[in-house]
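The structure file target_36.cif is reproduced below (mmCIF, C-alpha atoms).
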data_upload
#
loop_
_atom_site.group_PDB
_atom_site.id
_atom_site.type_symbol
_atom_site.label_atom_id
_atom_site.label_comp_id
_atom_site.auth_asym_id
_atom_site.auth_seq_id
_atom_site.Cartn_x
_atom_site.Cartn_y
_atom_site.Cartn_z
ATOM 1 C CA MET R 27 -51.437 21.881 -131.343
ATOM 2 C CA ALA R 28 -53.156 20.614 -134.499
ATOM 3 C CA ASP R 29 -50.977 17.511 -134.435
ATOM 4 C CA LEU R 30 -51.709 16.977 -130.738
ATOM 5 C CA LEU R 31 -55.453 17.295 -131.312
ATOM 6 C CA ASP R 32 -55.263 14.716 -134.084
ATOM 7 C CA ARG R 33 -53.288 12.306 -131.918
ATOM 8 C CA ILE R 34 -55.556 12.703 -128.885
ATOM 9 C CA ALA R 35 -58.623 12.249 -131.067
ATOM 10 C CA GLY R 36 -57.074 9.098 -132.493
ATOM 11 C CA ALA R 37 -56.283 7.804 -129.008
ATOM 12 C CA LYS R 38 -59.891 8.476 -127.874
ATOM 13 C CA LEU R 39 -58.819 8.272 -124.244
ATOM 14 C CA VAL R 40 -56.027 9.612 -122.077
ATOM 15 C CA ALA R 41 -55.137 7.452 -119.076
ATOM 16 C CA VAL R 42 -54.563 9.724 -116.074
ATOM 17 C CA LEU R 43 -52.117 7.802 -113.938
ATOM 18 C CA ARG R 44 -51.912 8.519 -110.206
ATOM 19 C CA VAL R 45 -49.690 6.079 -108.359
ATOM 20 C CA PRO R 46 -48.105 6.389 -104.899
ATOM 21 C CA SER R 47 -44.615 5.473 -106.096
ATOM 22 C CA VAL R 48 -42.607 5.902 -109.306
ATOM 23 C CA ASP R 49 -41.782 2.195 -109.094
ATOM 24 C CA LEU R 50 -45.348 1.503 -110.215
ATOM 25 C CA VAL R 51 -45.248 3.775 -113.255
ATOM 26 C CA GLU R 52 -43.490 1.473 -115.717
ATOM 27 C CA PRO R 53 -45.504 -1.732 -115.097
ATOM 28 C CA THR R 54 -48.725 0.289 -115.163
ATOM 29 C CA VAL R 55 -47.878 2.083 -118.399
ATOM 30 C CA ALA R 56 -46.818 -1.209 -119.986
ATOM 31 C CA ALA R 57 -50.089 -2.849 -118.933
ATOM 32 C CA LEU R 58 -52.156 0.006 -120.327
ATOM 33 C CA GLU R 59 -50.246 0.012 -123.595
ATOM 34 C CA ALA R 60 -50.783 -3.735 -123.901
ATOM 35 C CA GLY R 61 -54.508 -3.036 -123.595
ATOM 36 C CA GLY R 62 -54.478 -0.585 -126.497
ATOM 37 C CA VAL R 63 -54.003 2.707 -124.638
ATOM 38 C CA THR R 64 -51.834 5.122 -126.638
ATOM 39 C CA ALA R 65 -52.022 8.271 -124.489
ATOM 40 C CA VAL R 66 -50.979 8.527 -120.840
ATOM 41 C CA GLU R 67 -50.767 11.450 -118.428
ATOM 42 C CA LEU R 68 -48.336 11.024 -115.515
ATOM 43 C CA THR R 69 -49.277 13.311 -112.650
ATOM 44 C CA PHE R 70 -47.220 15.382 -110.262
ATOM 45 C CA THR R 71 -49.119 13.845 -107.360
ATOM 46 C CA THR R 72 -46.610 10.981 -107.653
ATOM 47 C CA PRO R 73 -43.425 11.929 -105.743
ATOM 48 C CA GLY R 74 -40.377 12.156 -107.999
ATOM 49 C CA ILE R 75 -42.373 12.041 -111.229
ATOM 50 C CA ALA R 76 -40.257 14.571 -113.167
ATOM 51 C CA PRO R 77 -37.300 12.220 -113.875
ATOM 52 C CA GLU R 78 -39.736 9.361 -114.466
ATOM 53 C CA LEU R 79 -41.198 11.286 -117.397
ATOM 54 C CA GLU R 80 -37.829 11.016 -119.133
ATOM 55 C CA ARG R 81 -37.602 7.286 -118.415
ATOM 56 C CA THR R 82 -41.141 6.677 -119.650
ATOM 57 C CA ARG R 83 -40.436 8.567 -122.867
ATOM 58 C CA ALA R 84 -37.311 6.469 -123.469
ATOM 59 C CA ARG R 85 -39.157 3.190 -122.864
ATOM 60 C CA HIS R 86 -42.278 4.122 -124.832
ATOM 61 C CA PRO R 87 -41.234 6.410 -127.703
ATOM 62 C CA GLN R 88 -44.549 6.050 -129.564
ATOM 63 C CA LEU R 89 -46.692 6.896 -126.540
ATOM 64 C CA LEU R 90 -48.531 10.209 -126.407
ATOM 65 C CA LEU R 91 -47.133 11.362 -123.071
ATOM 66 C CA GLY R 92 -48.437 14.142 -120.884
ATOM 67 C CA ALA R 93 -47.565 15.621 -117.513
ATOM 68 C CA GLY R 94 -50.551 16.387 -115.322
ATOM 69 C CA THR R 95 -51.708 17.981 -112.085
ATOM 70 C CA ILE R 96 -49.307 20.819 -112.809
ATOM 71 C CA ARG R 97 -49.890 23.526 -110.227
ATOM 72 C CA THR R 98 -46.704 25.593 -110.391
ATOM 73 C CA GLY R 99 -44.522 27.142 -113.029
ATOM 74 C CA ASP R 100 -41.548 25.120 -111.799
ATOM 75 C CA GLN R 101 -43.457 21.896 -112.399
ATOM 76 C CA ALA R 102 -44.380 23.065 -115.891
ATOM 77 C CA ARG R 103 -40.775 23.886 -116.728
ATOM 78 C CA ALA R 104 -39.485 20.582 -115.314
ATOM 79 C CA ALA R 105 -42.036 18.617 -117.314
ATOM 80 C CA ALA R 106 -41.351 20.576 -120.488
ATOM 81 C CA ALA R 107 -37.562 20.106 -120.338
ATOM 82 C CA ALA R 108 -36.265 18.582 -123.539
ATOM 83 C CA ALA R 109 -35.146 15.406 -121.777
ATOM 84 C CA ALA R 110 -38.667 14.741 -120.454
ATOM 85 C CA GLY R 111 -40.047 14.703 -123.959
ATOM 86 C CA VAL R 112 -43.667 15.292 -122.954
ATOM 87 C CA ASP R 113 -46.281 16.093 -125.571
ATOM 88 C CA PHE R 114 -48.645 18.138 -123.403
ATOM 89 C CA LEU R 115 -49.081 19.743 -119.985
ATOM 90 C CA VAL R 116 -52.293 19.515 -117.939
ATOM 91 C CA SER R 117 -53.450 21.507 -114.935
ATOM 92 C CA PRO R 118 -56.520 20.653 -112.845
ATOM 93 C CA HIS R 119 -57.685 24.265 -112.601
ATOM 94 C CA LEU R 120 -57.533 27.622 -114.315
ATOM 95 C CA ASP R 121 -54.792 29.941 -113.081
ATOM 96 C CA LEU R 122 -53.950 32.471 -115.777
ATOM 97 C CA ALA R 123 -50.403 33.015 -114.512
ATOM 98 C CA LEU R 124 -49.818 29.265 -114.502
ATOM 99 C CA LEU R 125 -51.341 28.911 -117.963
ATOM 100 C CA GLU R 126 -48.989 31.636 -119.204
ATOM 101 C CA ALA R 127 -46.021 29.770 -117.685
ATOM 102 C CA CYS R 128 -47.139 26.525 -119.341
ATOM 103 C CA LEU R 129 -47.626 28.155 -122.735
ATOM 104 C CA ALA R 130 -44.222 29.833 -122.420
ATOM 105 C CA THR R 131 -42.540 26.413 -122.428
ATOM 106 C CA GLY R 132 -43.689 25.809 -125.993
ATOM 107 C CA VAL R 133 -45.411 22.565 -125.002
ATOM 108 C CA PRO R 134 -49.198 22.519 -125.553
ATOM 109 C CA ALA R 135 -51.040 23.338 -122.339
ATOM 110 C CA ILE R 136 -54.452 22.030 -121.296
ATOM 111 C CA PRO R 137 -55.939 23.980 -118.382
ATOM 112 C CA GLY R 138 -58.771 22.691 -116.229
ATOM 113 C CA VAL R 139 -62.096 24.521 -116.531
ATOM 114 C CA LEU R 140 -65.687 23.958 -115.484
ATOM 115 C CA THR R 141 -67.729 27.161 -115.757
ATOM 116 C CA PRO R 142 -68.468 29.290 -118.840
ATOM 117 C CA SER R 143 -66.421 32.102 -117.305
ATOM 118 C CA GLU R 144 -63.411 29.801 -116.950
ATOM 119 C CA VAL R 145 -63.847 28.555 -120.519
ATOM 120 C CA ALA R 146 -63.900 32.123 -121.833
ATOM 121 C CA ALA R 147 -60.865 33.128 -119.764
ATOM 122 C CA ALA R 148 -58.831 30.093 -120.839
ATOM 123 C CA LEU R 149 -59.629 30.569 -124.518
ATOM 124 C CA GLY R 150 -58.852 34.269 -124.241
ATOM 125 C CA ALA R 151 -55.464 33.467 -122.706
ATOM 126 C CA GLY R 152 -54.494 31.256 -125.629
ATOM 127 C CA ALA R 153 -55.534 27.736 -124.602
ATOM 128 C CA GLU R 154 -56.653 25.631 -127.562
ATOM 129 C CA LEU R 155 -57.665 22.461 -125.716
ATOM 130 C CA LEU R 156 -59.523 22.534 -122.412
ATOM 131 C CA LYS R 157 -59.846 19.932 -119.674
ATOM 132 C CA LEU R 158 -63.448 19.910 -118.423
ATOM 133 C CA PHE R 159 -63.044 18.872 -114.789
ATOM 134 C CA PRO R 160 -64.631 17.261 -112.872
ATOM 135 C CA ALA R 161 -66.683 16.204 -115.869
ATOM 136 C CA GLY R 162 -68.575 13.437 -114.103
ATOM 137 C CA SER R 163 -70.282 16.003 -111.899
ATOM 138 C CA VAL R 164 -71.975 17.728 -114.867
ATOM 139 C CA GLY R 165 -72.440 15.107 -117.607
ATOM 140 C CA PRO R 166 -72.304 15.133 -121.428
ATOM 141 C CA ASP R 167 -75.374 17.371 -121.808
ATOM 142 C CA TYR R 168 -73.478 20.119 -119.999
ATOM 143 C CA LEU R 169 -70.759 19.943 -122.641
ATOM 144 C CA LYS R 170 -73.376 20.213 -125.383
ATOM 145 C CA SER R 171 -74.702 23.365 -123.720
ATOM 146 C CA LEU R 172 -71.227 24.911 -123.638
ATOM 147 C CA TYR R 173 -70.898 24.493 -127.389
ATOM 148 C CA GLY R 174 -73.712 27.026 -127.829
ATOM 149 C CA PRO R 175 -71.677 30.077 -126.760
ATOM 150 C CA PHE R 176 -68.328 28.439 -127.554
ATOM 151 C CA PRO R 177 -68.662 26.739 -130.965
ATOM 152 C CA GLY R 178 -65.537 24.963 -132.102
ATOM 153 C CA MET R 179 -64.248 24.581 -128.552
ATOM 154 C CA GLN R 180 -61.921 21.588 -128.120
ATOM 155 C CA VAL R 181 -62.539 19.683 -124.877
ATOM 156 C CA LEU R 182 -61.051 16.751 -122.990
ATOM 157 C CA PRO R 183 -63.588 15.809 -120.252
ATOM 158 C CA THR R 184 -61.888 14.230 -117.240
ATOM 159 C CA GLY R 185 -62.914 13.076 -113.780
ATOM 160 C CA GLY R 186 -65.549 10.569 -112.740
ATOM 161 C CA ILE R 187 -66.130 9.114 -116.220
ATOM 162 C CA GLY R 188 -66.963 5.413 -116.148
ATOM 163 C CA LEU R 189 -67.166 2.762 -118.843
ATOM 164 C CA ALA R 190 -70.877 3.352 -119.438
ATOM 165 C CA GLU R 191 -70.464 7.109 -119.991
ATOM 166 C CA ALA R 192 -67.199 7.309 -121.921
ATOM 167 C CA ALA R 193 -68.702 6.979 -125.408
ATOM 168 C CA GLN R 194 -71.460 9.465 -124.547
ATOM 169 C CA TRP R 195 -68.838 12.178 -124.078
ATOM 170 C CA LEU R 196 -67.402 11.520 -127.537
ATOM 171 C CA ASP R 197 -70.914 11.647 -128.978
ATOM 172 C CA ALA R 198 -71.390 15.003 -127.223
ATOM 173 C CA GLY R 199 -68.398 16.421 -129.113
ATOM 174 C CA ALA R 200 -65.401 15.759 -126.862
ATOM 175 C CA VAL R 201 -62.038 15.268 -128.572
ATOM 176 C CA ALA R 202 -61.338 12.328 -126.240
ATOM 177 C CA VAL R 203 -61.941 11.447 -122.589
ATOM 178 C CA GLY R 204 -59.530 11.524 -119.663
ATOM 179 C CA LEU R 205 -59.859 8.456 -117.453
ATOM 180 C CA GLY R 206 -58.323 8.035 -114.015
ATOM 181 C CA GLY R 207 -59.440 5.629 -111.337
ATOM 182 C CA GLU R 208 -62.164 4.161 -113.511
ATOM 183 C CA LEU R 209 -59.590 2.956 -116.038
ATOM 184 C CA CYS R 210 -56.688 2.507 -113.616
ATOM 185 C CA PRO R 211 -58.167 1.316 -110.292
ATOM 186 C CA PRO R 212 -55.619 1.897 -107.510
ATOM 187 C CA ALA R 213 -56.448 -1.505 -106.012
ATOM 188 C CA LEU R 214 -55.260 -3.274 -109.170
ATOM 189 C CA ILE R 215 -52.086 -1.237 -109.474
ATOM 190 C CA GLU R 216 -51.040 -1.452 -105.843
ATOM 191 C CA ALA R 217 -51.688 -5.209 -105.848
ATOM 192 C CA SER R 218 -49.647 -5.609 -109.076
ATOM 193 C CA ARG R 219 -52.653 -7.099 -110.879
ATOM 194 C CA PHE R 220 -51.442 -5.792 -114.206
ATOM 195 C CA THR R 221 -53.062 -8.476 -116.354
ATOM 196 C CA GLU R 222 -56.442 -7.323 -115.049
ATOM 197 C CA LEU R 223 -55.469 -3.731 -115.732
ATOM 198 C CA THR R 224 -54.707 -4.641 -119.347
ATOM 199 C CA GLU R 225 -58.135 -6.259 -119.667
ATOM 200 C CA ASN R 226 -59.781 -3.181 -118.182
ATOM 201 C CA ALA R 227 -57.987 -1.027 -120.753
ATOM 202 C CA ARG R 228 -59.223 -3.283 -123.553
ATOM 203 C CA HIS R 229 -62.816 -2.926 -122.342
ATOM 204 C CA PHE R 230 -62.570 0.862 -122.448
ATOM 205 C CA ARG R 231 -60.945 0.879 -125.871
ATOM 206 C CA GLU R 232 -63.655 -1.423 -127.249
ATOM 207 C CA ALA R 233 -66.383 0.752 -125.727
ATOM 208 C CA LEU R 234 -64.975 3.792 -127.523
ATOM 209 C CA GLY R 235 -64.737 2.058 -130.871
#
Encoded form (structure tokens):
Amino acid sequence: MADLLDRIAGAKLVAVLRVPSVDLVEPTVAALEAGGVTAVELTFTTPGIAPELERTRARHPQLLLGAGTIRTGDQARAAAAAAAGVDFLVSPHLDLALLEACLATGVPAIPGVLTPSEVAAALGAGAELLKLFPAGSVGPDYLKSLYGPFPGMQVLPTGGIGLAEAAQWLDAGAVAVGLGGELCPPALIEASRFTELTENARHFREALG
């Protein structure tokens, strides 16, 4: 986990990629990488994503690759299979049985939390990095408040974070920020406007320093 934390901190952002078809994964990942993005989370909301994880790893060996929106133990095990080569697993919510299944794979798991009770439960169950979701609904000051009772907590805020707010989350103490539709607008992806997507990625990377 220490290595993962270092790599995520170095990436500063994790692109959360939700696309309607696996055919759009490769051109989108390539466009993001061209814009300076070094960490991508492919989500299980895309049909057939499990085998695409393996293909993405083969095409982009240096990419920090995660599997997200994991809601079942079977999804966790499929994503953590050696062939998939993922670096981390992400769930949108806190389910202690699911977190246990994710941790059992040996791949670092990042559960979704929002409330202090969820933070405490996730940390108590062995999570070392937490996904604050939906972060945009609470703001960076909320994260600062959480550090009072949970000093040293490692957090990846995700959900509803725009270009103007991204750096504020890092200033508030976040390890990095998770960016979905704000970084990867569905309209650009579905229209194959990948050059514009690359430029959008560059803007976010520049904003984060």
Cut-off 6 Å around (-40.6, 12.1, -119.7) with all atoms listed in the file: residues as a short mmCIF file (atom, residue, chain, number, x, y, z; two decimals) with C-alpha atoms, keeping the file's coordinate frame:
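The resulting file, part.cif, is reproduced below:
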data_model
loop_
_atom_site.label_atom_id
_atom_site.label_comp_id
_atom_site.auth_asym_id
_atom_site.auth_seq_id
_atom_site.Cartn_x
_atom_site.Cartn_y
_atom_site.Cartn_z
CA GLU R 78 -39.74 9.36 -114.47
CA LEU R 79 -41.20 11.29 -117.40
CA GLU R 80 -37.83 11.02 -119.13
CA ARG R 81 -37.60 7.29 -118.42
CA THR R 82 -41.14 6.68 -119.65
CA ARG R 83 -40.44 8.57 -122.87
CA ALA R 110 -38.67 14.74 -120.45
CA GLY R 111 -40.05 14.70 -123.96
CA VAL R 112 -43.67 15.29 -122.95
#
Exercise. Between CA of Gln180 (chain R) and CA of Ala200 (chain R), what is the spacing in Å?
Worked result: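 For CA of Ala200 (chain R) relative to CA of Gln180 (chain R), the distance reads 6.9 Å.
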Exercise. Nearest to Pro177 (chain R) among R:Glu225, R:Leu149, R:Ala56, R:Gly235, with distances taken over all atoms listed in the file: which residue is it?
Worked result: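 Of R:Glu225, R:Leu149, R:Ala56, R:Gly235, the one nearest Pro177 (chain R) is R:Leu149, counting all atoms listed in the file.
Distance-wise, CA of Val116 (chain R) and CA of Ala135 (chain R) end up 6.0 Å apart.
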For this session: Point out the residue among R:Pro183, R:Pro53, R:Gly99, R:Pro73 with the least atom-to-atom distance to Arg85 (chain R), counting only C-alpha atoms.
Result: R:Pro53
Problem set entry | Distance query region 203-216 of chain R at most 8 Å, only C-alpha atoms, self and fewer than 2 positions along chain excluded, as a PyMOL selection string | chain R and resi 38-45+50+54+182-189+192+195-196+200-201+218-220+222-223+226-227+230
Seminar exercise, completed: Nearest to Thr69 (chain R), restricted to all atoms listed in the file and choosing among R:Gly94, R:Pro87, R:Gly174, R:Gly199, comes out as R:Gly94
Problem set entry | Evaluate the PyMOL selection byres ((chain R and resi 117) around 7) and report residues as a ChimeraX atom specification | /R:94-97,115-116,118-119,136-138
Any chance you can output those residues with C-alpha atoms as a compact mmCIF listing (two decimals), keeping the file's coordinate frame?
# COMPACT_ATOMS: atom_id res chain seq x y z
CA GLY R 94 -50.55 16.39 -115.32
CA THR R 95 -51.71 17.98 -112.08
CA ILE R 96 -49.31 20.82 -112.81
CA ARG R 97 -49.89 23.53 -110.23
CA LEU R 115 -49.08 19.74 -119.98
CA VAL R 116 -52.29 19.52 -117.94
CA PRO R 118 -56.52 20.65 -112.84
CA HIS R 119 -57.68 24.26 -112.60
CA ILE R 136 -54.45 22.03 -121.30
CA PRO R 137 -55.94 23.98 -118.38
CA GLY R 138 -58.77 22.69 -116.23
Exercise. How many Å lie between CA of Ala127 (chain R) and CA of Gln101 (chain R), rounded to one decimal?
Worked result: 9.8 Å
For this session: Please evaluate the PyMOL selection byres ((chain R and resi 169) around 10) against the structure above and give the resulting residues as a list in words.
Result: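 After applying the PyMOL selection byres ((chain R and resi 169) around 10), what remains is Leu140, Leu158, Ala161, Val164, Gly165, Pro166, Asp167, Tyr168, Lys170, Ser171, Leu172, Tyr173, Gly174, Met179, Val181, Pro183, Trp195, Ala198, Gly199 and Ala200 of chain R.
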Exercise. Using all atoms listed in the file, which of the listed residues (R:Ala123, R:Val145, R:Ala93, R:Ala37) sits closest to Thr71 (chain R)?
Worked result: R:Ala93
Can you list what the PyMOL selection byres ((chain R and resi 126) around 10) grabs from this structure, as a short mmCIF file (atom, residue, chain, number, x, y, z; two decimals) with C-alpha atoms, keeping the file's coordinate frame?
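Now in expr38.cif:
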data_model
loop_
_atom_site.label_atom_id
_atom_site.label_comp_id
_atom_site.auth_asym_id
_atom_site.auth_seq_id
_atom_site.Cartn_x
_atom_site.Cartn_y
_atom_site.Cartn_z
CA GLY R 99 -44.52 27.14 -113.03
CA ASP R 121 -54.79 29.94 -113.08
CA LEU R 122 -53.95 32.47 -115.78
CA ALA R 123 -50.40 33.02 -114.51
CA LEU R 124 -49.82 29.26 -114.50
CA LEU R 125 -51.34 28.91 -117.96
CA ALA R 127 -46.02 29.77 -117.68
CA CYS R 128 -47.14 26.52 -119.34
CA LEU R 129 -47.63 28.16 -122.74
CA ALA R 130 -44.22 29.83 -122.42
CA THR R 131 -42.54 26.41 -122.43
CA ALA R 135 -51.04 23.34 -122.34
CA ALA R 151 -55.46 33.47 -122.71
CA GLY R 152 -54.49 31.26 -125.63
CA ALA R 153 -55.53 27.74 -124.60
#
Exercise. Which one of R:Pro134, R:Gly62, R:Pro77, R:Gly178 sits closest to Leu30 (chain R) if you count all atoms listed in the file?
Worked result: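 Counting all atoms listed in the file, the residue closest to Leu30 (chain R) is R:Pro134.
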Exercise. Which residue gives the smallest distance to Ala60 (chain R) among R:Arg103, R:Arg33, R:Lys157, R:His86, with all atoms listed in the file counted?
Worked result: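 Answer, going by the shortest atom-to-atom distance: R:His86.
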Since fewer atoms than expected are present, regenerate N, CA and C atoms for region 44-60 of chain R and write them as a PDB file, keeping the file's coordinate frame.
ATOM      1  N   ARG R  44     -52.315   8.077-111.543  1.00  0.00           N
ATOM      2  CA  ARG R  44     -51.912   8.519-110.206  1.00  0.00           C
ATOM      3  C   ARG R  44     -51.476   7.293-109.417  1.00  0.00           C
ATOM      4  N   VAL R  45     -50.208   7.203-109.134  1.00  0.00           N
ATOM      5  CA  VAL R  45     -49.690   6.079-108.359  1.00  0.00           C
ATOM      6  C   VAL R  45     -48.883   6.629-107.187  1.00  0.00           C
ATOM      7  N   PRO R  46     -48.809   5.883-106.085  1.00  0.00           N
ATOM      8  CA  PRO R  46     -48.105   6.389-104.899  1.00  0.00           C
ATOM      9  C   PRO R  46     -46.590   6.372-105.018  1.00  0.00           C
ATOM     10  N   SER R  47     -46.064   5.608-105.971  1.00  0.00           N
ATOM     11  CA  SER R  47     -44.615   5.473-106.096  1.00  0.00           C
ATOM     12  C   SER R  47     -44.221   5.387-107.565  1.00  0.00           C
ATOM     13  N   VAL R  48     -43.078   5.969-107.920  1.00  0.00           N
ATOM     14  CA  VAL R  48     -42.607   5.902-109.306  1.00  0.00           C
ATOM     15  C   VAL R  48     -42.288   4.473-109.722  1.00  0.00           C
ATOM     16  N   ASP R  49     -42.062   3.595-108.757  1.00  0.00           N
ATOM     17  CA  ASP R  49     -41.782   2.195-109.094  1.00  0.00           C
ATOM     18  C   ASP R  49     -42.967   1.533-109.798  1.00  0.00           C
ATOM     19  N   LEU R  50     -44.154   2.081-109.612  1.00  0.00           N
ATOM     20  CA  LEU R  50     -45.348   1.503-110.215  1.00  0.00           C
ATOM     21  C   LEU R  50     -45.668   2.088-111.587  1.00  0.00           C
ATOM     22  N   VAL R  51     -44.941   3.121-111.987  1.00  0.00           N
ATOM     23  CA  VAL R  51     -45.248   3.775-113.255  1.00  0.00           C
ATOM     24  C   VAL R  51     -45.017   2.839-114.437  1.00  0.00           C
ATOM     25  N   GLU R  52     -43.826   2.268-114.543  1.00  0.00           N
ATOM     26  CA  GLU R  52     -43.490   1.473-115.717  1.00  0.00           C
ATOM     27  C   GLU R  52     -44.403   0.260-115.893  1.00  0.00           C
ATOM     28  N   PRO R  53     -44.614  -0.583-114.866  1.00  0.00           N
ATOM     29  CA  PRO R  53     -45.504  -1.732-115.097  1.00  0.00           C
ATOM     30  C   PRO R  53     -46.933  -1.317-115.415  1.00  0.00           C
ATOM     31  N   THR R  54     -47.373  -0.182-114.875  1.00  0.00           N
ATOM     32  CA  THR R  54     -48.725   0.289-115.163  1.00  0.00           C
ATOM     33  C   THR R  54     -48.834   0.791-116.594  1.00  0.00           C
ATOM     34  N   VAL R  55     -47.869   1.583-117.024  1.00  0.00           N
ATOM     35  CA  VAL R  55     -47.878   2.083-118.399  1.00  0.00           C
ATOM     36  C   VAL R  55     -47.796   0.915-119.384  1.00  0.00           C
ATOM     37  N   ALA R  56     -46.954  -0.050-119.099  1.00  0.00           N
ATOM     38  CA  ALA R  56     -46.818  -1.209-119.986  1.00  0.00           C
ATOM     39  C   ALA R  56     -48.128  -1.981-120.073  1.00  0.00           C
ATOM     40  N   ALA R  57     -48.812  -2.127-118.947  1.00  0.00           N
ATOM     41  CA  ALA R  57     -50.089  -2.849-118.933  1.00  0.00           C
ATOM     42  C   ALA R  57     -51.151  -2.099-119.727  1.00  0.00           C
ATOM     43  N   LEU R  58     -51.193  -0.791-119.580  1.00  0.00           N
ATOM     44  CA  LEU R  58     -52.156   0.006-120.327  1.00  0.00           C
ATOM     45  C   LEU R  58     -51.878  -0.046-121.825  1.00  0.00           C
ATOM     46  N   GLU R  59     -50.614   0.058-122.180  1.00  0.00           N
ATOM     47  CA  GLU R  59     -50.246   0.012-123.595  1.00  0.00           C
ATOM     48  C   GLU R  59     -50.603  -1.339-124.197  1.00  0.00           C
ATOM     49  N   ALA R  60     -50.416  -2.399-123.425  1.00  0.00           N
ATOM     50  CA  ALA R  60     -50.783  -3.735-123.901  1.00  0.00           C
ATOM     51  C   ALA R  60     -52.282  -3.850-124.141  1.00  0.00           C
TER      52      ALA R  60
END
